[in-house]
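The structure file final06.txt is reproduced below (compact mmCIF, C-alpha atoms).
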```txt
# COMPACT_ATOMS: atom_id res chain seq x y z
CA MET A 12 118.74 78.33 48.15
CA ILE A 13 122.07 77.47 46.55
CA ASN A 14 121.65 75.00 43.74
CA LYS A 15 125.21 74.39 42.60
CA THR A 16 127.26 71.23 42.36
CA ILE A 17 130.88 71.36 43.48
CA ALA A 18 133.30 68.55 42.61
CA ILE A 19 136.41 68.12 44.76
CA THR A 20 139.36 66.01 43.62
CA GLY A 21 141.00 64.79 46.80
CA LEU A 22 138.70 64.29 49.81
CA GLY A 23 141.51 64.31 52.34
CA TRP A 24 142.60 66.42 55.32
CA LEU A 25 141.24 69.60 53.71
CA GLY A 26 138.84 68.27 51.08
CA GLN A 27 136.60 66.33 53.48
CA PRO A 28 135.85 69.18 55.90
CA LEU A 29 135.39 71.52 52.90
CA GLY A 30 132.85 69.04 51.51
CA TYR A 31 130.93 68.94 54.79
CA ARG A 32 130.91 72.76 55.00
CA LEU A 33 129.66 73.15 51.42
CA ALA A 34 126.95 70.53 51.96
CA SER A 35 125.81 72.40 55.11
CA LEU A 36 125.52 75.58 53.00
CA GLY A 37 123.25 73.88 50.46
CA TYR A 38 125.73 72.93 47.75
CA THR A 39 125.63 69.48 46.17
CA VAL A 40 129.09 67.96 46.73
CA LYS A 41 130.86 65.28 44.72
CA GLY A 42 134.39 64.12 45.36
CA SER A 43 137.14 61.72 44.46
CA VAL A 44 139.60 59.57 46.37
CA THR A 45 142.32 57.27 45.08
CA THR A 46 140.91 53.89 46.12
CA ILE A 47 137.58 52.03 46.02
CA GLU A 48 137.98 51.29 49.76
CA LYS A 49 138.17 55.00 50.65
CA ALA A 50 135.29 55.75 48.28
CA THR A 51 133.08 53.10 49.92
CA LEU A 52 133.83 54.46 53.40
CA LEU A 53 132.96 58.03 52.42
CA GLN A 54 129.84 56.90 50.56
CA GLN A 55 128.68 55.37 53.86
CA ASN A 56 129.12 58.85 55.39
CA GLY A 57 126.80 60.34 52.78
CA PHE A 58 129.30 61.65 50.23
CA ASP A 59 128.87 61.19 46.48
CA VAL A 60 132.36 59.76 45.91
CA TYR A 61 134.23 58.27 42.96
CA PRO A 62 137.54 56.42 42.84
CA VAL A 63 139.93 58.36 40.58
CA GLU A 64 143.68 57.77 40.27
CA ILE A 65 145.76 60.24 38.26
CA SER A 66 149.25 59.17 37.22
CA GLU A 67 151.80 60.04 34.54
CA ASN A 68 150.20 57.34 32.38
CA GLY A 69 146.72 58.84 32.49
CA ILE A 70 143.58 58.68 34.62
CA GLU A 71 141.98 55.53 35.97
CA GLY A 72 138.51 55.56 37.47
CA GLU A 73 135.32 57.53 37.08
CA ILE A 74 136.64 60.99 36.22
CA GLN A 75 133.76 61.94 33.89
CA ALA A 76 131.18 60.79 36.46
CA LEU A 77 132.90 63.13 38.93
CA LEU A 78 132.86 66.06 36.50
CA ASN A 79 129.36 65.45 35.14
CA ASN A 80 126.95 68.29 36.07
CA ALA A 81 129.59 70.03 38.24
CA ASP A 82 129.48 73.84 38.27
CA CYS A 83 133.01 74.08 39.64
CA LEU A 84 135.93 71.73 40.24
CA VAL A 85 138.16 72.25 43.30
CA ILE A 86 141.52 70.56 42.69
CA MET A 87 143.36 69.35 45.78
CA ILE A 88 145.97 67.00 44.41
CA PRO A 89 149.27 67.45 46.26
CA PRO A 90 152.42 67.06 44.16
CA GLY A 91 153.87 64.46 46.55
CA LEU A 92 157.29 65.72 45.51
CA ARG A 93 158.72 65.74 49.05
CA LYS A 94 158.69 61.97 48.99
CA ASN A 95 161.15 62.02 46.06
CA THR A 96 159.10 59.53 44.10
CA GLY A 97 160.28 61.12 40.87
CA ALA A 98 156.64 61.67 39.95
CA ASP A 99 156.00 64.10 37.14
CA TYR A 100 153.30 66.32 38.65
CA VAL A 101 153.01 68.45 35.50
CA LEU A 102 152.29 65.43 33.30
CA LYS A 103 149.70 64.12 35.77
CA MET A 104 147.91 67.44 35.82
CA ALA A 105 148.05 67.75 32.02
CA HIS A 106 146.00 64.53 31.90
CA LEU A 107 143.50 66.15 34.29
CA VAL A 108 143.23 69.31 32.15
CA ALA A 109 142.51 67.13 29.09
CA ALA A 110 139.76 65.28 31.01
CA ILE A 111 138.23 68.57 32.22
CA ASN A 112 138.20 69.87 28.64
CA GLU A 113 136.13 66.82 27.65
CA SER A 114 133.51 67.84 30.22
CA ALA A 115 131.31 70.93 30.56
CA VAL A 116 133.20 72.22 33.62
CA SER A 117 134.88 75.58 33.08
CA LYS A 118 135.29 77.03 36.60
CA ILE A 119 138.29 75.74 38.50
CA ILE A 120 139.83 76.40 41.91
CA LEU A 121 143.39 75.08 41.87
CA VAL A 122 144.95 74.65 45.32
CA SER A 123 148.62 75.56 44.99
CA SER A 124 151.31 76.55 47.47
CA THR A 125 153.48 79.48 48.48
CA SER A 126 156.48 77.31 47.50
CA VAL A 127 156.12 78.82 44.01
CA TYR A 128 157.94 81.83 45.51
CA ASP A 129 161.65 81.51 46.26
CA ASP A 130 163.24 82.64 49.54
CA SER A 131 165.39 85.08 47.58
CA GLN A 132 162.24 87.01 46.63
CA GLY A 133 161.81 88.34 50.19
CA ASN A 134 158.43 89.98 50.82
CA VAL A 135 155.90 88.99 48.14
CA THR A 136 152.23 89.55 47.31
CA GLU A 137 150.14 88.42 44.34
CA LYS A 138 151.73 91.24 42.33
CA ASN A 139 155.09 89.44 42.39
CA GLU A 140 155.80 86.92 39.64
CA PRO A 141 156.94 83.63 41.26
CA ARG A 142 160.58 82.66 40.61
CA PRO A 143 160.82 79.15 42.08
CA GLU A 144 164.22 77.46 42.43
CA THR A 145 163.20 74.08 43.89
CA ILE A 146 161.94 71.19 41.74
CA ALA A 147 158.64 71.15 43.65
CA GLY A 148 158.21 74.91 43.27
CA LYS A 149 158.98 74.79 39.55
CA GLN A 150 156.51 71.96 38.92
CA LEU A 151 153.79 73.73 40.91
CA ARG A 152 154.35 76.91 38.91
CA GLN A 153 154.18 74.98 35.61
CA VAL A 154 150.87 73.45 36.71
CA GLU A 155 149.50 76.88 37.62
CA GLU A 156 150.43 78.10 34.13
CA LEU A 157 148.87 75.01 32.56
CA PHE A 158 145.50 76.04 34.01
CA ILE A 159 145.90 79.82 33.64
CA ASN A 160 146.82 79.45 29.96
CA SER A 161 143.90 77.15 29.13
CA GLU A 162 141.41 79.20 27.10
CA GLU A 163 138.55 76.86 28.03
CA LEU A 164 138.99 77.28 31.79
CA GLN A 165 138.41 80.10 34.26
CA THR A 166 140.89 79.19 36.98
CA THR A 167 141.44 80.76 40.37
CA ILE A 168 144.77 79.86 41.98
CA VAL A 169 144.91 79.67 45.78
CA ARG A 170 148.46 79.54 47.17
CA PHE A 171 148.18 78.22 50.69
CA GLY A 172 150.99 78.66 53.20
CA GLY A 173 151.96 75.87 55.60
CA LEU A 174 148.77 74.10 56.69
CA ILE A 175 147.95 73.69 60.38
CA GLY A 176 144.85 72.59 62.28
CA GLY A 177 143.30 69.41 63.59
CA THR A 178 146.15 67.10 64.54
CA ARG A 179 148.51 68.92 62.18
CA GLN A 180 150.81 71.10 64.30
CA PRO A 181 154.34 71.34 62.89
CA ALA A 182 155.81 72.00 66.36
CA LYS A 183 155.37 68.27 67.04
CA TYR A 184 157.87 67.42 64.31
CA LEU A 185 160.47 69.92 65.56
CA ALA A 186 160.18 69.11 69.28
CA GLY A 187 163.55 68.44 70.89
CA ARG A 188 165.53 68.93 67.68
CA LYS A 189 168.79 70.84 67.93
CA ASP A 190 170.54 73.45 65.78
CA LEU A 191 167.59 73.94 63.46
CA SER A 192 168.22 76.37 60.62
CA ASP A 193 166.45 79.57 59.55
CA GLY A 194 165.32 80.62 63.02
CA ASN A 195 164.98 84.23 61.84
CA ALA A 196 162.68 83.32 58.95
CA PRO A 197 159.08 84.56 59.22
CA VAL A 198 156.52 81.75 59.33
CA ASN A 199 153.98 81.60 56.49
CA LEU A 200 151.15 79.51 57.92
CA ILE A 201 147.38 79.20 57.62
CA HIS A 202 144.81 77.35 59.73
CA ARG A 203 142.52 74.84 58.05
CA GLU A 204 139.43 76.83 59.12
CA ASP A 205 140.65 79.86 57.18
CA CYS A 206 141.47 77.65 54.17
CA ILE A 207 137.87 76.42 54.11
CA ASN A 208 136.42 79.91 54.66
CA ILE A 209 138.48 81.35 51.77
CA LEU A 210 137.47 78.58 49.36
CA VAL A 211 133.81 79.08 50.32
CA GLU A 212 134.06 82.84 49.73
CA ILE A 213 135.56 82.31 46.27
CA LEU A 214 132.57 80.13 45.38
CA LYS A 215 130.00 82.47 46.95
CA GLN A 216 131.44 85.54 45.24
CA ASP A 217 132.13 83.77 41.94
CA ALA A 218 135.72 85.05 42.12
CA PHE A 219 137.22 83.17 39.19
CA GLY A 220 140.25 84.06 37.09
CA LYS A 221 142.06 85.36 40.20
CA ILE A 222 145.17 84.57 42.23
CA PHE A 223 145.11 84.54 46.04
CA ASN A 224 148.01 84.14 48.44
CA ALA A 225 146.33 82.51 51.42
CA VAL A 226 148.61 83.02 54.43
CA ASN A 227 147.84 84.32 57.92
CA PRO A 228 149.06 87.96 58.09
CA ASN A 229 150.83 87.23 61.39
CA HIS A 230 154.47 86.27 60.68
CA PRO A 231 156.40 85.59 63.91
CA ARG A 232 160.00 84.42 63.63
CA LYS A 233 160.30 80.66 63.14
CA SER A 234 162.36 80.19 66.33
CA ASP A 235 159.94 82.22 68.48
CA TYR A 236 156.87 80.50 67.05
CA TYR A 237 158.03 76.89 67.38
CA ILE A 238 159.51 77.33 70.84
CA GLN A 239 156.27 78.94 72.03
CA LYS A 240 154.12 76.20 70.45
CA ALA A 241 156.30 73.46 71.96
CA GLU A 242 155.84 75.09 75.39
CA GLU A 243 152.06 75.27 74.92
CA LEU A 244 151.94 71.59 73.93
CA GLY A 245 154.26 70.49 76.75
CA LEU A 246 156.87 69.22 74.28
CA GLU A 247 160.65 69.29 74.52
CA LEU A 248 161.78 72.66 73.18
CA PRO A 249 163.64 72.81 69.87
CA SER A 250 166.79 74.90 69.55
CA PHE A 251 167.92 76.99 66.60
CA ALA A 252 171.38 77.69 65.25
CA GLU A 253 172.62 81.26 65.07
CA ASN A 254 171.88 82.68 61.63
CA SER A 255 173.33 85.58 59.77
CA THR A 256 171.08 88.62 60.24
CA ASP A 257 171.43 89.69 56.60
CA GLU A 258 169.87 86.45 55.31
CA VAL A 259 166.90 87.07 52.96
CA TYR A 260 163.73 85.15 53.80
CA LYS A 261 160.40 84.80 52.10
CA GLN A 262 157.35 86.47 53.66
CA VAL A 263 154.12 85.87 51.77
CA ASP A 264 151.25 88.33 52.12
CA SER A 265 147.97 88.85 50.32
CA GLU A 266 146.45 91.99 48.87
CA ASN A 267 143.72 90.19 46.96
CA LEU A 268 141.99 88.46 49.88
CA LYS A 269 141.01 91.83 51.32
CA MET A 270 140.62 93.73 48.06
CA ILE A 271 138.62 91.13 46.10
CA LEU A 272 136.93 88.96 48.75
CA ASN A 273 136.93 91.44 51.66
CA TYR A 274 138.23 88.51 53.71
CA SER A 275 139.64 88.81 57.22
CA PHE A 276 141.29 85.91 59.03
CA LYS A 277 139.24 84.16 61.71
CA THR A 278 141.69 81.72 63.29
CA SER A 279 145.08 82.43 64.84
CA ILE A 280 148.09 80.32 64.00
```
Rewrite the structure of this file - the entire thing - as structure tokens.
Amino acid sequence: MINKTIAITGLGWLGQPLGYRLASLGYTVKGSVTTIEKATLLQQNGFDVYPVEISENGIEGEIQALLNNADCLVIMIPPGLRKNTGADYVLKMAHLVAAINESAVSKIILVSSTSVYDDSQGNVTEKNEPRPETIAGKQLRQVEELFINSEELQTTIVRFGGLIGGTRQPAKYLAGRKDLSDGNAPVNLIHREDCINILVEILKQDAFGKIFNAVNPNHPRKSDYYIQKAEELGLELPSFAENSTDEVYKQVDSENLKMILNYSFKTSI
């Protein structure tokens, strides 16, 4: 019988189903959301939930109650940088590291993103040092280093590709759009089921202090993939502009999922 307590910051699209899966496996699950209203709703569904809001100014809410007695903390706090809010993700996460260091928690799973790699890097695995060029990529990489360099913490970084599953199918957002760019780029996607399975395996195998690129090994061309998905969903087909064939595109693969976790993907993209 598993007798471990897992805390999850961010019980959202991925955190909630992860919480349910861990509870079904015998783990004790605690989690945080950003508002009291969301916390109350999830508490009614049987979750041990705390309102926690992390900003550049610090942390509001019951962060130490969340961390208390936890054997591992899974961090799922998206940067929110696409919304151009000007938020300083690095500063927010520095506040979280300080709070963790005040607790007894030392094992961390930090959910990151393949956007830490730049397109110019071409084919990459965990052996390649990220060289991000975008603001979001640079901030994500700084946050990874913040955790990796902390002597008190044993952090595993999981760099997820584009997330799909449930109602989240990117083809819906591209349906009917014309002259889309980068049609020759390989897609770097992962289904939510595989995300959950990988996180569970890290916990089961106590695989801390590692880095995992978590992307489905199937990389069809962007134009082929989204046209096919639009057809399957009965949506208006997108069209793609002609691109130069010598363009360099990022393809993210993993050596560590197989080598360290012996993981094989279960769900197609």
Find the spatial neighbours of Arg152 in chain A, counting only C-alpha atoms, within a cut-off of 8 Å - ignore same-chain residues fewer than 4 positions away - and output them as a list in words.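 In the requested form, the answer reads Val127, Pro141, Pro143, Gly148 and Glu156 of chain A.
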Residue with smallest distance to Pro228 in chain A - pool A:Glu266, A:Asp82, A:Glu163, A:Glu113, counting all atoms listed in the file: A:Glu266
May I ask which of the residues A:Met87, A:Gln75, A:Ser117, A:Ile271 is the closest one to Val44 in chain A, counting only C-alpha atoms?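 When distances to Val44 in chain A are compared using only C-alpha atoms, the smallest one comes from A:Met87.
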Which residues come within 12 Å of range 180-189 of chain A, counting only C-alpha atoms, excluding same-chain residues fewer than 2 positions away, as a PyMOL selection string? chain A and resi 173-178+191-192+194+198+200-203+233-253+280
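In this structure, CA of Lys138 in chain A sits 14.6 Å away from CA of Lys261 in chain A.
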Students should find that CA of Leu52 in chain A and CA of Gly23 in chain A are spaced 12.5 Å
Taking every listed atom of range 26-41 of chain A and adding 5 Å to each side, what centre and edge lengths in Å (one decimal) does the axis-aligned box have, as JSON?
```
{"center_x": 131.0, "center_y": 70.4, "center_z": 50.3, "size_x": 25.6, "size_y": 20.3, "size_z": 21.2}
```
Using all atoms listed in the file, find the one residue out of A:Leu77, A:Val108, A:Ile209, A:Leu29 that sits nearest to Ser43 in chain A. A:Leu77
Please identify all polymer residues within 7 Å of Ala81 in chain A, counting all atoms listed in the file, omitting same-chain residues fewer than 2 positions from it, and present them as a tab-separated table (two decimals) with C-alpha atoms, keeping the file's coordinate frame.
```tsv
chain	number	residue	atom	x	y	z
A	16	THR	CA	127.26	71.23	42.36
A	17	ILE	CA	130.88	71.36	43.48
A	18	ALA	CA	133.30	68.55	42.61
A	78	LEU	CA	132.86	66.06	36.50
A	79	ASN	CA	129.36	65.45	35.14
A	83	CYS	CA	133.01	74.08	39.64
A	84	LEU	CA	135.93	71.73	40.24
A	116	VAL	CA	133.20	72.22	33.62
```
What separation in Å, quoted to one decimal, exists between CA of Glu64 in chain A and CA of Asn112 in chain A?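 Going from CA of Glu64 in chain A over to CA of Asn112 in chain A covers 17.7 Å.
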So that I can check the surroundings of range 223-225 of chain A, please list as a PyMOL selection string every protein, DNA and RNA residue that reaches within 6 Å of it, counting all atoms listed in the file and ignoring chain neighbours fewer than 2 positions away. chain A and resi 169-171+265+267
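Considering all atoms listed in the file, the residue among A:Ile13, A:Leu272, A:Cys206, A:Leu164 positioned nearest to Ala34 in chain A is A:Ile13.
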I'd like to know which of A:Leu214, A:Val60, A:Asn199, A:Ser124 is closest to Tyr38 in chain A, using all atoms listed in the file.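 Checking each of A:Leu214, A:Val60, A:Asn199, A:Ser124 against Tyr38 in chain A, counting all atoms listed in the file, the winner is A:Leu214.
The environment of Asp130 in chain A within 9 Å, counting all atoms listed in the file and disregarding residues fewer than 4 places along the same chain, consists of Ser126, Asn134, Pro143, Glu144, Val259, Tyr260, Lys261 and Gln262 of chain A.
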Please produce a file of those selected residues containing C-alpha atoms, as a PDB file, keeping the file's coordinate frame.
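selection_15.pdb was written with the following content:
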```
ATOM      1  CA  SER A 126     156.480  77.310  47.500  1.00  0.00           C
ATOM      2  CA  ASN A 134     158.430  89.980  50.820  1.00  0.00           C
ATOM      3  CA  PRO A 143     160.820  79.150  42.080  1.00  0.00           C
ATOM      4  CA  GLU A 144     164.220  77.460  42.430  1.00  0.00           C
ATOM      5  CA  VAL A 259     166.900  87.070  52.960  1.00  0.00           C
ATOM      6  CA  TYR A 260     163.730  85.150  53.800  1.00  0.00           C
ATOM      7  CA  LYS A 261     160.400  84.800  52.100  1.00  0.00           C
ATOM      8  CA  GLN A 262     157.350  86.470  53.660  1.00  0.00           C
TER       9      GLN A 262
END
```
Determine the nearest neighbour of Ser114 in chain A from the options A:Ala147, A:Leu36, A:Leu53, A:Ile74, counting all atoms listed in the file.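 Distance minimum relative to Ser114 in chain A lands on A:Ile74.
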